[in-house]
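Text of the file run_28.tsv, holding TSV, N, CA, C and O atoms and all ligand atoms:
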```tsv
chain	number	residue	atom	x	y	z
A	1	MET	N	-10.37	-1.29	165.15
A	1	MET	CA	-11.60	-1.78	164.52
A	1	MET	C	-12.40	-0.63	163.92
A	1	MET	O	-12.96	-0.73	162.85
A	2	LYS	N	-12.44	0.48	164.62
A	2	LYS	CA	-13.20	1.63	164.16
A	2	LYS	C	-12.61	2.18	162.86
A	2	LYS	O	-13.33	2.51	161.92
A	3	TYR	N	-11.30	2.25	162.80
A	3	TYR	CA	-10.65	2.78	161.60
A	3	TYR	C	-10.87	1.87	160.39
A	3	TYR	O	-10.97	2.33	159.26
A	4	LEU	N	-10.95	0.58	160.69
A	4	LEU	CA	-11.17	-0.37	159.60
A	4	LEU	C	-12.53	-0.12	158.94
A	4	LEU	O	-12.67	-0.13	157.71
A	5	ILE	N	-13.55	0.12	159.77
A	5	ILE	CA	-14.89	0.39	159.23
A	5	ILE	C	-14.88	1.67	158.42
A	5	ILE	O	-15.45	1.75	157.31
A	6	ILE	N	-14.22	2.68	158.94
A	6	ILE	CA	-14.15	3.97	158.22
A	6	ILE	C	-13.43	3.78	156.88
A	6	ILE	O	-13.87	4.28	155.84
A	7	ALA	N	-12.33	3.03	156.90
A	7	ALA	CA	-11.60	2.78	155.67
A	7	ALA	C	-12.46	2.03	154.67
A	7	ALA	O	-12.46	2.33	153.46
A	8	ALA	N	-13.23	1.07	155.15
A	8	ALA	CA	-14.11	0.31	154.25
A	8	ALA	C	-15.17	1.23	153.66
A	8	ALA	O	-15.45	1.18	152.45
A	9	LEU	N	-15.75	2.06	154.49
A	9	LEU	CA	-16.76	2.99	154.00
A	9	LEU	C	-16.18	3.94	152.96
A	9	LEU	O	-16.77	4.18	151.89
A	10	VAL	N	-15.01	4.47	153.27
A	10	VAL	CA	-14.37	5.40	152.34
A	10	VAL	C	-14.08	4.71	151.01
A	10	VAL	O	-14.30	5.26	149.92
A	11	SER	N	-13.60	3.45	151.08
A	11	SER	CA	-13.29	2.73	149.84
A	11	SER	C	-14.55	2.48	149.04
A	11	SER	O	-14.56	2.61	147.81
A	12	ILE	N	-15.64	2.14	149.75
A	12	ILE	CA	-16.91	1.90	149.05
A	12	ILE	C	-17.38	3.19	148.36
A	12	ILE	O	-17.79	3.19	147.19
A	13	VAL	N	-17.29	4.30	149.11
A	13	VAL	CA	-17.69	5.58	148.53
A	13	VAL	C	-16.84	5.90	147.31
A	13	VAL	O	-17.34	6.35	146.27
A	14	LEU	N	-15.56	5.64	147.43
A	14	LEU	CA	-14.67	5.92	146.30
A	14	LEU	C	-15.05	5.07	145.09
A	14	LEU	O	-15.06	5.57	143.95
A	15	VAL	N	-15.36	3.80	145.35
A	15	VAL	CA	-15.74	2.92	144.24
A	15	VAL	C	-17.01	3.43	143.57
A	15	VAL	O	-17.12	3.48	142.35
A	16	ILE	N	-17.98	3.83	144.41
A	16	ILE	CA	-19.24	4.32	143.85
A	16	ILE	C	-19.00	5.58	143.02
A	16	ILE	O	-19.48	5.72	141.89
A	17	VAL	N	-18.22	6.49	143.59
A	17	VAL	CA	-17.94	7.74	142.88
A	17	VAL	C	-17.20	7.45	141.58
A	17	VAL	O	-17.52	8.00	140.52
A	18	TYR	N	-16.25	6.55	141.64
A	18	TYR	CA	-15.47	6.25	140.44
A	18	TYR	C	-16.34	5.62	139.36
A	18	TYR	O	-16.24	5.95	138.18
A	19	SER	N	-17.24	4.71	139.82
A	19	SER	CA	-18.11	4.06	138.84
A	19	SER	C	-19.06	5.06	138.20
A	19	SER	O	-19.48	4.91	137.07
A	20	ARG	N	-19.42	6.09	138.96
A	20	ARG	CA	-20.32	7.10	138.40
A	20	ARG	C	-19.58	8.08	137.49
A	20	ARG	O	-20.12	8.59	136.52
A	21	VAL	N	-18.35	8.33	137.83
A	21	VAL	CA	-17.60	9.33	137.06
A	21	VAL	C	-16.98	8.72	135.80
A	21	VAL	O	-16.75	9.40	134.82
A	22	ARG	N	-16.76	7.40	135.82
A	22	ARG	CA	-16.04	6.76	134.73
A	22	ARG	C	-16.66	7.00	133.35
A	22	ARG	O	-15.94	7.29	132.39
A	23	PRO	N	-18.00	6.89	133.20
A	23	PRO	CA	-18.56	7.20	131.87
A	23	PRO	C	-18.22	8.59	131.39
A	23	PRO	O	-17.97	8.79	130.20
A	24	TYR	N	-18.23	9.52	132.32
A	24	TYR	CA	-17.90	10.90	131.93
A	24	TYR	C	-16.44	11.01	131.50
A	24	TYR	O	-16.10	11.73	130.57
A	25	LEU	N	-15.59	10.26	132.22
A	25	LEU	CA	-14.18	10.27	131.82
A	25	LEU	C	-14.02	9.68	130.43
A	25	LEU	O	-13.30	10.21	129.59
A	26	LYS	N	-14.76	8.58	130.16
A	26	LYS	CA	-14.70	7.99	128.82
A	26	LYS	C	-15.19	8.99	127.78
A	26	LYS	O	-14.61	9.16	126.71
A	27	LEU	N	-16.30	9.63	128.11
A	27	LEU	CA	-16.85	10.61	127.19
A	27	LEU	C	-15.86	11.74	126.94
A	27	LEU	O	-15.65	12.18	125.81
A	28	PHE	N	-15.22	12.17	128.01
A	28	PHE	CA	-14.25	13.25	127.89
A	28	PHE	C	-13.09	12.83	126.99
A	28	PHE	O	-12.66	13.59	126.12
A	29	ARG	N	-12.64	11.58	127.19
A	29	ARG	CA	-11.56	11.09	126.33
A	29	ARG	C	-11.99	11.04	124.87
A	29	ARG	O	-11.25	11.40	123.96
A	30	LYS	N	-13.24	10.57	124.65
A	30	LYS	CA	-13.74	10.48	123.28
A	30	LYS	C	-13.80	11.87	122.65
A	30	LYS	O	-13.46	12.06	121.48
A	31	VAL	N	-14.25	12.83	123.44
A	31	VAL	CA	-14.35	14.20	122.92
A	31	VAL	C	-12.98	14.71	122.54
A	31	VAL	O	-12.78	15.31	121.47
A	32	VAL	N	-12.01	14.46	123.41
A	32	VAL	CA	-10.65	14.93	123.13
A	32	VAL	C	-10.12	14.25	121.87
A	32	VAL	O	-9.53	14.90	121.00
A	33	GLU	N	-10.37	12.94	121.75
A	33	GLU	CA	-9.89	12.23	120.56
A	33	GLU	C	-10.56	12.77	119.30
A	33	GLU	O	-9.92	12.99	118.28
A	34	SER	N	-11.87	13.00	119.39
A	34	SER	CA	-12.57	13.52	118.21
A	34	SER	C	-12.06	14.90	117.85
A	34	SER	O	-11.95	15.25	116.68
A	35	LEU	N	-11.76	15.68	118.87
A	35	LEU	CA	-11.22	17.02	118.59
A	35	LEU	C	-9.87	16.91	117.88
A	35	LEU	O	-9.60	17.63	116.93
A	36	ASN	N	-9.05	15.99	118.34
A	36	ASN	CA	-7.75	15.81	117.70
A	36	ASN	C	-7.94	15.38	116.24
A	36	ASN	O	-7.26	15.86	115.35
A	37	VAL	N	-8.88	14.44	116.03
A	37	VAL	CA	-9.13	13.98	114.67
A	37	VAL	C	-9.66	15.13	113.82
A	37	VAL	O	-9.27	15.30	112.67
A	38	ALA	N	-10.53	15.93	114.40
A	38	ALA	CA	-11.11	17.03	113.64
A	38	ALA	C	-10.05	18.05	113.26
A	38	ALA	O	-10.06	18.58	112.16
A	39	THR	N	-9.13	18.31	114.17
A	39	THR	CA	-8.08	19.29	113.86
A	39	THR	C	-7.11	18.75	112.83
A	39	THR	O	-6.53	19.50	112.06
A	40	GLU	N	-6.97	17.41	112.82
A	40	GLU	CA	-6.04	16.84	111.86
A	40	GLU	C	-6.65	16.81	110.45
A	40	GLU	O	-6.01	17.19	109.49
A	41	GLY	N	-7.88	16.34	110.36
A	41	GLY	CA	-8.47	16.14	109.03
A	41	GLY	C	-9.52	17.16	108.70
A	41	GLY	O	-10.69	16.85	108.61
A	42	THR	N	-9.10	18.40	108.51
A	42	THR	CA	-10.06	19.44	108.14
A	42	THR	C	-10.03	19.72	106.65
A	42	THR	O	-10.50	20.74	106.20
A	43	ALA	N	-9.43	18.80	105.89
A	43	ALA	CA	-9.30	19.03	104.46
A	43	ALA	C	-10.57	18.59	103.75
A	43	ALA	O	-10.65	17.51	103.21
A	44	THR	N	-11.58	19.44	103.79
A	44	THR	CA	-12.81	19.12	103.09
A	44	THR	C	-12.78	19.78	101.72
A	44	THR	O	-12.50	20.97	101.61
A	45	PRO	N	-13.03	19.00	100.68
A	45	PRO	CA	-12.98	19.58	99.33
A	45	PRO	C	-14.08	20.60	99.13
A	45	PRO	O	-15.25	20.33	99.34
A	46	ALA	N	-13.70	21.77	98.72
A	46	ALA	CA	-14.67	22.84	98.51
A	46	ALA	C	-15.37	22.62	97.17
A	46	ALA	O	-14.74	22.63	96.12
A	47	THR	N	-16.66	22.40	97.25
A	47	THR	CA	-17.42	22.17	96.03
A	47	THR	C	-17.85	23.50	95.43
A	47	THR	O	-18.52	24.28	96.08
A	48	PRO	N	-17.42	23.76	94.22
A	48	PRO	CA	-17.82	25.02	93.58
A	48	PRO	C	-19.30	25.02	93.22
A	48	PRO	O	-19.79	24.14	92.52
A	49	GLU	N	-19.99	25.99	93.74
A	49	GLU	CA	-21.42	26.06	93.47
A	49	GLU	C	-21.69	26.95	92.27
A	49	GLU	O	-21.27	28.10	92.23
A	50	ARG	N	-22.41	26.39	91.32
A	50	ARG	CA	-22.78	27.18	90.16
A	50	ARG	C	-24.01	28.01	90.49
A	50	ARG	O	-24.97	27.52	91.04
A	51	THR	N	-23.95	29.25	90.11
A	51	THR	CA	-25.09	30.11	90.39
A	51	THR	C	-26.26	29.72	89.49
A	51	THR	O	-26.15	29.80	88.26
A	52	PRO	N	-27.34	29.29	90.08
A	52	PRO	CA	-28.48	28.83	89.27
A	52	PRO	C	-29.28	29.97	88.68
A	52	PRO	O	-30.22	29.75	87.95
A	53	SER	N	-28.94	31.20	89.02
A	53	SER	CA	-29.74	32.32	88.55
A	53	SER	C	-29.60	32.49	87.04
A	53	SER	O	-30.52	32.90	86.36
A	54	LYS	N	-28.43	32.15	86.51
A	54	LYS	CA	-28.24	32.32	85.06
A	54	LYS	C	-29.01	31.27	84.27
A	54	LYS	O	-29.47	31.52	83.17
A	55	ASN	N	-29.12	30.08	84.82
A	55	ASN	CA	-29.80	29.01	84.11
A	55	ASN	C	-31.29	28.95	84.45
A	55	ASN	O	-31.96	28.01	84.08
A	56	LYS	N	-31.74	29.93	85.16
A	56	LYS	CA	-33.14	29.90	85.58
A	56	LYS	C	-34.06	30.17	84.40
A	56	LYS	O	-33.79	31.04	83.58
A	57	LEU	N	-35.13	29.40	84.34
A	57	LEU	CA	-36.09	29.56	83.26
A	57	LEU	C	-37.37	30.18	83.81
A	57	LEU	O	-37.81	29.84	84.91
A	58	VAL	N	-37.91	31.06	83.04
A	58	VAL	CA	-39.18	31.67	83.41
A	58	VAL	C	-40.17	31.41	82.27
A	58	VAL	O	-39.79	31.26	81.11
A	59	ARG	N	-41.43	31.38	82.63
A	59	ARG	CA	-42.44	31.07	81.64
A	59	ARG	C	-43.10	32.36	81.16
A	59	ARG	O	-43.43	33.24	81.95
A	60	CYS	N	-43.25	32.43	79.85
A	60	CYS	CA	-43.92	33.59	79.28
A	60	CYS	C	-45.38	33.58	79.73
A	60	CYS	O	-46.06	32.56	79.61
A	61	ASP	N	-45.81	34.71	80.21
A	61	ASP	CA	-47.16	34.76	80.75
A	61	ASP	C	-48.21	34.79	79.66
A	61	ASP	O	-49.39	34.60	79.92
A	62	SER	N	-47.79	35.04	78.43
A	62	SER	CA	-48.75	35.14	77.34
A	62	SER	C	-48.86	33.85	76.53
A	62	SER	O	-49.93	33.30	76.36
A	63	CYS	N	-47.72	33.35	76.06
A	63	CYS	CA	-47.76	32.17	75.20
A	63	CYS	C	-47.29	30.91	75.93
A	63	CYS	O	-47.43	29.81	75.42
A	64	GLY	N	-46.72	31.06	77.09
A	64	GLY	CA	-46.35	29.89	77.89
A	64	GLY	C	-45.02	29.28	77.51
A	64	GLY	O	-44.73	28.15	77.89
A	65	THR	N	-44.20	30.00	76.76
A	65	THR	CA	-42.91	29.47	76.35
A	65	THR	C	-41.89	29.67	77.48
A	65	THR	O	-41.85	30.73	78.11
A	66	TRP	N	-41.09	28.63	77.70
A	66	TRP	CA	-40.04	28.74	78.72
A	66	TRP	C	-38.82	29.40	78.13
A	66	TRP	O	-38.28	28.96	77.12
A	67	ILE	N	-38.38	30.46	78.75
A	67	ILE	CA	-37.24	31.22	78.26
A	67	ILE	C	-36.30	31.51	79.42
A	67	ILE	O	-36.74	31.54	80.57
A	68	PRO	N	-35.01	31.67	79.12
A	68	PRO	CA	-34.08	32.05	80.21
A	68	PRO	C	-34.43	33.39	80.80
A	68	PRO	O	-34.88	34.30	80.10
A	69	ALA	N	-34.19	33.49	82.09
A	69	ALA	CA	-34.61	34.70	82.81
A	69	ALA	C	-33.88	35.93	82.31
A	69	ALA	O	-34.36	37.05	82.49
A	70	GLU	N	-32.71	35.72	81.70
A	70	GLU	CA	-31.96	36.88	81.23
A	70	GLU	C	-32.67	37.56	80.07
A	70	GLU	O	-32.62	38.78	79.93
A	71	ARG	N	-33.32	36.75	79.23
A	71	ARG	CA	-33.95	37.33	78.05
A	71	ARG	C	-35.42	37.68	78.29
A	71	ARG	O	-36.09	38.13	77.37
A	72	ALA	N	-35.89	37.40	79.46
A	72	ALA	CA	-37.30	37.64	79.72
A	72	ALA	C	-37.59	39.12	79.83
A	72	ALA	O	-36.77	39.89	80.32
A	73	LEU	N	-38.75	39.50	79.34
A	73	LEU	CA	-39.18	40.89	79.45
A	73	LEU	C	-40.15	41.00	80.63
A	73	LEU	O	-41.06	40.19	80.77
A	74	HIS	N	-39.91	41.98	81.42
A	74	HIS	CA	-40.72	42.14	82.61
A	74	HIS	C	-41.53	43.43	82.51
A	74	HIS	O	-41.09	44.42	81.94
A	75	LEU	N	-42.68	43.37	83.09
A	75	LEU	CA	-43.47	44.58	83.21
A	75	LEU	C	-42.88	45.48	84.29
A	75	LEU	O	-41.95	45.09	85.01
A	76	SER	N	-43.43	46.66	84.36
A	76	SER	CA	-42.94	47.59	85.38
A	76	SER	C	-43.22	47.06	86.77
A	76	SER	O	-42.47	47.30	87.71
A	77	SER	N	-44.31	46.30	86.89
A	77	SER	CA	-44.63	45.74	88.19
A	77	SER	C	-43.69	44.58	88.52
A	77	SER	O	-43.39	44.32	89.68
A	78	GLY	N	-43.22	43.87	87.47
A	78	GLY	CA	-42.27	42.79	87.69
A	78	GLY	C	-42.91	41.48	88.07
A	78	GLY	O	-42.22	40.52	88.37
A	79	LEU	N	-44.20	41.41	88.05
A	79	LEU	CA	-44.86	40.17	88.45
A	79	LEU	C	-44.86	39.15	87.31
A	79	LEU	O	-44.69	37.97	87.53
A	80	ALA	N	-45.04	39.63	86.08
A	80	ALA	CA	-45.13	38.74	84.94
A	80	ALA	C	-43.91	38.91	84.05
A	80	ALA	O	-43.29	39.98	84.01
A	81	SER	N	-43.57	37.84	83.32
A	81	SER	CA	-42.44	37.90	82.40
A	81	SER	C	-42.91	37.40	81.04
A	81	SER	O	-43.74	36.49	80.95
A	82	TYR	N	-42.35	37.98	79.99
A	82	TYR	CA	-42.76	37.63	78.64
A	82	TYR	C	-41.53	37.34	77.79
A	82	TYR	O	-40.44	37.86	78.05
A	83	CYS	N	-41.74	36.52	76.74
A	83	CYS	CA	-40.62	36.10	75.91
A	83	CYS	C	-40.25	37.20	74.92
A	83	CYS	O	-39.10	37.31	74.52
A	84	SER	N	-41.21	37.98	74.49
A	84	SER	CA	-40.91	39.00	73.49
A	84	SER	C	-41.82	40.20	73.73
A	84	SER	O	-42.76	40.14	74.53
A	85	SER	N	-41.50	41.25	73.01
A	85	SER	CA	-42.31	42.47	73.17
A	85	SER	C	-43.71	42.24	72.60
A	85	SER	O	-44.66	42.90	73.01
A	86	GLU	N	-43.82	41.31	71.65
A	86	GLU	CA	-45.15	41.03	71.09
A	86	GLU	C	-46.07	40.47	72.17
A	86	GLU	O	-47.21	40.87	72.32
A	87	CYS	N	-45.54	39.49	72.89
A	87	CYS	CA	-46.34	38.91	73.96
A	87	CYS	C	-46.63	39.94	75.04
A	87	CYS	O	-47.68	39.93	75.66
A	88	LEU	N	-45.65	40.83	75.22
A	88	LEU	CA	-45.84	41.85	76.25
A	88	LEU	C	-47.00	42.77	75.91
A	88	LEU	O	-47.81	43.11	76.76
A	89	THR	N	-47.07	43.13	74.61
A	89	THR	CA	-48.15	44.03	74.20
A	89	THR	C	-49.46	43.27	74.01
A	89	THR	O	-50.53	43.83	74.17
A	90	LYS	N	-49.34	42.00	73.61
A	90	LYS	CA	-50.54	41.22	73.34
A	90	LYS	C	-51.30	40.90	74.62
A	90	LYS	O	-52.52	40.87	74.66
A	91	ASN	N	-50.54	40.63	75.64
A	91	ASN	CA	-51.17	40.23	76.89
A	91	ASN	C	-51.75	41.46	77.59
A	91	ASN	O	-51.06	42.46	77.75
A	92	PRO	N	-52.97	41.41	77.98
A	92	PRO	CA	-53.54	42.54	78.73
A	92	PRO	C	-52.87	42.69	80.09
A	92	PRO	O	-52.71	41.72	80.82
A	93	GLN	N	-52.48	43.90	80.38
A	93	GLN	CA	-51.75	44.13	81.62
A	93	GLN	C	-52.65	44.03	82.84
A	93	GLN	O	-52.24	43.57	83.89
A	94	THR	N	-53.86	44.45	82.68
A	94	THR	CA	-54.79	44.34	83.81
A	94	THR	C	-55.85	43.32	83.46
A	94	THR	O	-56.56	43.44	82.47
A	95	LYS	N	-55.92	42.33	84.28
A	95	LYS	CA	-56.89	41.27	84.05
A	95	LYS	C	-58.26	41.71	84.61
A	95	LYS	O	-58.45	41.79	85.82
A	96	GLU	N	-59.16	41.96	83.65
A	96	GLU	CA	-60.50	42.37	84.10
A	96	GLU	C	-61.45	41.19	83.98
A	96	GLU	O	-61.42	40.44	83.01
A	97	ARG	N	-62.23	41.02	84.95
A	97	ARG	CA	-63.19	39.92	84.95
A	97	ARG	C	-64.44	40.34	84.15
A	97	ARG	O	-65.36	40.96	84.67
A	98	LYS	N	-64.38	39.98	82.86
A	98	LYS	CA	-65.52	40.30	82.02
A	98	LYS	C	-66.52	39.16	81.98
A	98	LYS	O	-67.64	39.31	81.52
A	99	LEU	N	-66.05	38.01	82.39
A	99	LEU	CA	-66.94	36.86	82.34
A	99	LEU	C	-67.85	36.87	83.57
A	99	LEU	O	-67.42	36.61	84.68
A	100	ALA	N	-69.12	37.17	83.31
A	100	ALA	CA	-70.09	37.18	84.40
A	100	ALA	C	-70.85	35.87	84.39
A	100	ALA	O	-71.60	35.58	83.48
A	101	GLY	N	-70.70	35.11	85.38
A	101	GLY	CA	-71.41	33.83	85.45
A	101	GLY	C	-70.52	32.78	84.93
A	101	GLY	O	-70.86	31.94	84.18
B	1	ZN	ZN	-44.49	34.63	74.75
```

Since I need it in another form, could you write the structure as structure tokens?
Amino acid sequence: MKYLIIAALVSIVLVIVYSRVRPYLKLFRKVVESLNVATEGTATPATPERTPSKNKLVRCDSCGTWIPAERALHLSSGLASYCSSECLTKNPQTKERKLAG
């Protein structure tokens, strides 16, 4: 009789442990399956990225014309860009606040 109770207790404990572990086993199986799928289908098409630096447009600081960055003229400071040397010379390099009030 004593062994029967122990066997029942052990079986109950086993059932409880199994019921608690089962989700993890399922998760483990899913992870393994996903890993297998990932190793099989790694053929992702490589999308060629065009460098946007060549097509970049900058605005002339003097006349406001949009020009490609390659043709833009920059000051030595590099903060402003101009479409032509005329705009470069026309635009005052140092902005002085002459307007009082
Ligand atoms: Zn300009």

Quiz item: Between CA of Lys90 in chain A and CA of Ile67 in chain A, what is the spacing in Å?
Solution: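 Separation of CA of Ile67 in chain A and CA of Lys90 in chain A: 17.4 Å.
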
Self-check item: Test item: residues no farther than 9 Å from ligand ZN 1 (chain B), counting only C-alpha atoms and all ligand atoms, as a list of chain:residue names
Solution: A:Arg59, A:Cys60, A:Asp61, A:Ser62, A:Cys63, A:Gly64, A:Thr65, A:Trp66, A:Ile67, A:Ser81, A:Tyr82, A:Cys83, A:Ser84, A:Ser85, A:Glu86, A:Cys87, A:Leu88, A:Asn91

Any chance you can output those residues with N, CA, C and O atoms as a PDB file, in the frame of the given file?
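For reference, result_19.pdb as written:
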```
ATOM      1  N   ARG A  59     -41.430  31.380  82.630  1.00  0.00           N
ATOM      2  CA  ARG A  59     -42.440  31.070  81.640  1.00  0.00           C
ATOM      3  C   ARG A  59     -43.100  32.360  81.160  1.00  0.00           C
ATOM      4  O   ARG A  59     -43.430  33.240  81.950  1.00  0.00           O
ATOM      5  N   CYS A  60     -43.250  32.430  79.850  1.00  0.00           N
ATOM      6  CA  CYS A  60     -43.920  33.590  79.280  1.00  0.00           C
ATOM      7  C   CYS A  60     -45.380  33.580  79.730  1.00  0.00           C
ATOM      8  O   CYS A  60     -46.060  32.560  79.610  1.00  0.00           O
ATOM      9  N   ASP A  61     -45.810  34.710  80.210  1.00  0.00           N
ATOM     10  CA  ASP A  61     -47.160  34.760  80.750  1.00  0.00           C
ATOM     11  C   ASP A  61     -48.210  34.790  79.660  1.00  0.00           C
ATOM     12  O   ASP A  61     -49.390  34.600  79.920  1.00  0.00           O
ATOM     13  N   SER A  62     -47.790  35.040  78.430  1.00  0.00           N
ATOM     14  CA  SER A  62     -48.750  35.140  77.340  1.00  0.00           C
ATOM     15  C   SER A  62     -48.860  33.850  76.530  1.00  0.00           C
ATOM     16  O   SER A  62     -49.930  33.300  76.360  1.00  0.00           O
ATOM     17  N   CYS A  63     -47.720  33.350  76.060  1.00  0.00           N
ATOM     18  CA  CYS A  63     -47.760  32.170  75.200  1.00  0.00           C
ATOM     19  C   CYS A  63     -47.290  30.910  75.930  1.00  0.00           C
ATOM     20  O   CYS A  63     -47.430  29.810  75.420  1.00  0.00           O
ATOM     21  N   GLY A  64     -46.720  31.060  77.090  1.00  0.00           N
ATOM     22  CA  GLY A  64     -46.350  29.890  77.890  1.00  0.00           C
ATOM     23  C   GLY A  64     -45.020  29.280  77.510  1.00  0.00           C
ATOM     24  O   GLY A  64     -44.730  28.150  77.890  1.00  0.00           O
ATOM     25  N   THR A  65     -44.200  30.000  76.760  1.00  0.00           N
ATOM     26  CA  THR A  65     -42.910  29.470  76.350  1.00  0.00           C
ATOM     27  C   THR A  65     -41.890  29.670  77.480  1.00  0.00           C
ATOM     28  O   THR A  65     -41.850  30.730  78.110  1.00  0.00           O
ATOM     29  N   TRP A  66     -41.090  28.630  77.700  1.00  0.00           N
ATOM     30  CA  TRP A  66     -40.040  28.740  78.720  1.00  0.00           C
ATOM     31  C   TRP A  66     -38.820  29.400  78.130  1.00  0.00           C
ATOM     32  O   TRP A  66     -38.280  28.960  77.120  1.00  0.00           O
ATOM     33  N   ILE A  67     -38.380  30.460  78.750  1.00  0.00           N
ATOM     34  CA  ILE A  67     -37.240  31.220  78.260  1.00  0.00           C
ATOM     35  C   ILE A  67     -36.300  31.510  79.420  1.00  0.00           C
ATOM     36  O   ILE A  67     -36.740  31.540  80.570  1.00  0.00           O
ATOM     37  N   SER A  81     -43.570  37.840  83.320  1.00  0.00           N
ATOM     38  CA  SER A  81     -42.440  37.900  82.400  1.00  0.00           C
ATOM     39  C   SER A  81     -42.910  37.400  81.040  1.00  0.00           C
ATOM     40  O   SER A  81     -43.740  36.490  80.950  1.00  0.00           O
ATOM     41  N   TYR A  82     -42.350  37.980  79.990  1.00  0.00           N
ATOM     42  CA  TYR A  82     -42.760  37.630  78.640  1.00  0.00           C
ATOM     43  C   TYR A  82     -41.530  37.340  77.790  1.00  0.00           C
ATOM     44  O   TYR A  82     -40.440  37.860  78.050  1.00  0.00           O
ATOM     45  N   CYS A  83     -41.740  36.520  76.740  1.00  0.00           N
ATOM     46  CA  CYS A  83     -40.620  36.100  75.910  1.00  0.00           C
ATOM     47  C   CYS A  83     -40.250  37.200  74.920  1.00  0.00           C
ATOM     48  O   CYS A  83     -39.100  37.310  74.520  1.00  0.00           O
ATOM     49  N   SER A  84     -41.210  37.980  74.490  1.00  0.00           N
ATOM     50  CA  SER A  84     -40.910  39.000  73.490  1.00  0.00           C
ATOM     51  C   SER A  84     -41.820  40.200  73.730  1.00  0.00           C
ATOM     52  O   SER A  84     -42.760  40.140  74.530  1.00  0.00           O
ATOM     53  N   SER A  85     -41.500  41.250  73.010  1.00  0.00           N
ATOM     54  CA  SER A  85     -42.310  42.470  73.170  1.00  0.00           C
ATOM     55  C   SER A  85     -43.710  42.240  72.600  1.00  0.00           C
ATOM     56  O   SER A  85     -44.660  42.900  73.010  1.00  0.00           O
ATOM     57  N   GLU A  86     -43.820  41.310  71.650  1.00  0.00           N
ATOM     58  CA  GLU A  86     -45.150  41.030  71.090  1.00  0.00           C
ATOM     59  C   GLU A  86     -46.070  40.470  72.170  1.00  0.00           C
ATOM     60  O   GLU A  86     -47.210  40.870  72.320  1.00  0.00           O
ATOM     61  N   CYS A  87     -45.540  39.490  72.890  1.00  0.00           N
ATOM     62  CA  CYS A  87     -46.340  38.910  73.960  1.00  0.00           C
ATOM     63  C   CYS A  87     -46.630  39.940  75.040  1.00  0.00           C
ATOM     64  O   CYS A  87     -47.680  39.930  75.660  1.00  0.00           O
ATOM     65  N   LEU A  88     -45.650  40.830  75.220  1.00  0.00           N
ATOM     66  CA  LEU A  88     -45.840  41.850  76.250  1.00  0.00           C
ATOM     67  C   LEU A  88     -47.000  42.770  75.910  1.00  0.00           C
ATOM     68  O   LEU A  88     -47.810  43.110  76.760  1.00  0.00           O
ATOM     69  N   ASN A  91     -50.540  40.630  75.640  1.00  0.00           N
ATOM     70  CA  ASN A  91     -51.170  40.230  76.890  1.00  0.00           C
ATOM     71  C   ASN A  91     -51.750  41.460  77.590  1.00  0.00           C
ATOM     72  O   ASN A  91     -51.060  42.460  77.750  1.00  0.00           O
TER      73      ASN A  91
END
```

For range 13-30 of chain A, I'd like the enclosing box, axis-aligned and padded by 8 Å on every side, reported as AutoDock Vina command-line options with centre and edge lengths in Å to one decimal.
```
--center_x -15.8 --center_y 8.3 --center_z 135.3 --size_x 25.1 --size_y 26.7 --size_z 43.6
```

Quiz item: Mind pulling up the distance from CA of Glu33 in chain A to CA of Tyr18 in chain A?
Solution: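 Those two atoms sit 21.5 Å apart.
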
Self-check item: All strand (DSSP E) positions in range 1-77 of chain A, as a PyMOL selection string
Solution: chain A and resi 57-59+66-68+73-74

Quiz item: What gap, in Å, lies between CA of Val13 in chain A and atom O of Phe28 in chain A?
Solution: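 Between CA of Val13 in chain A and atom O of Phe28 in chain A the gap is 24.3 Å.
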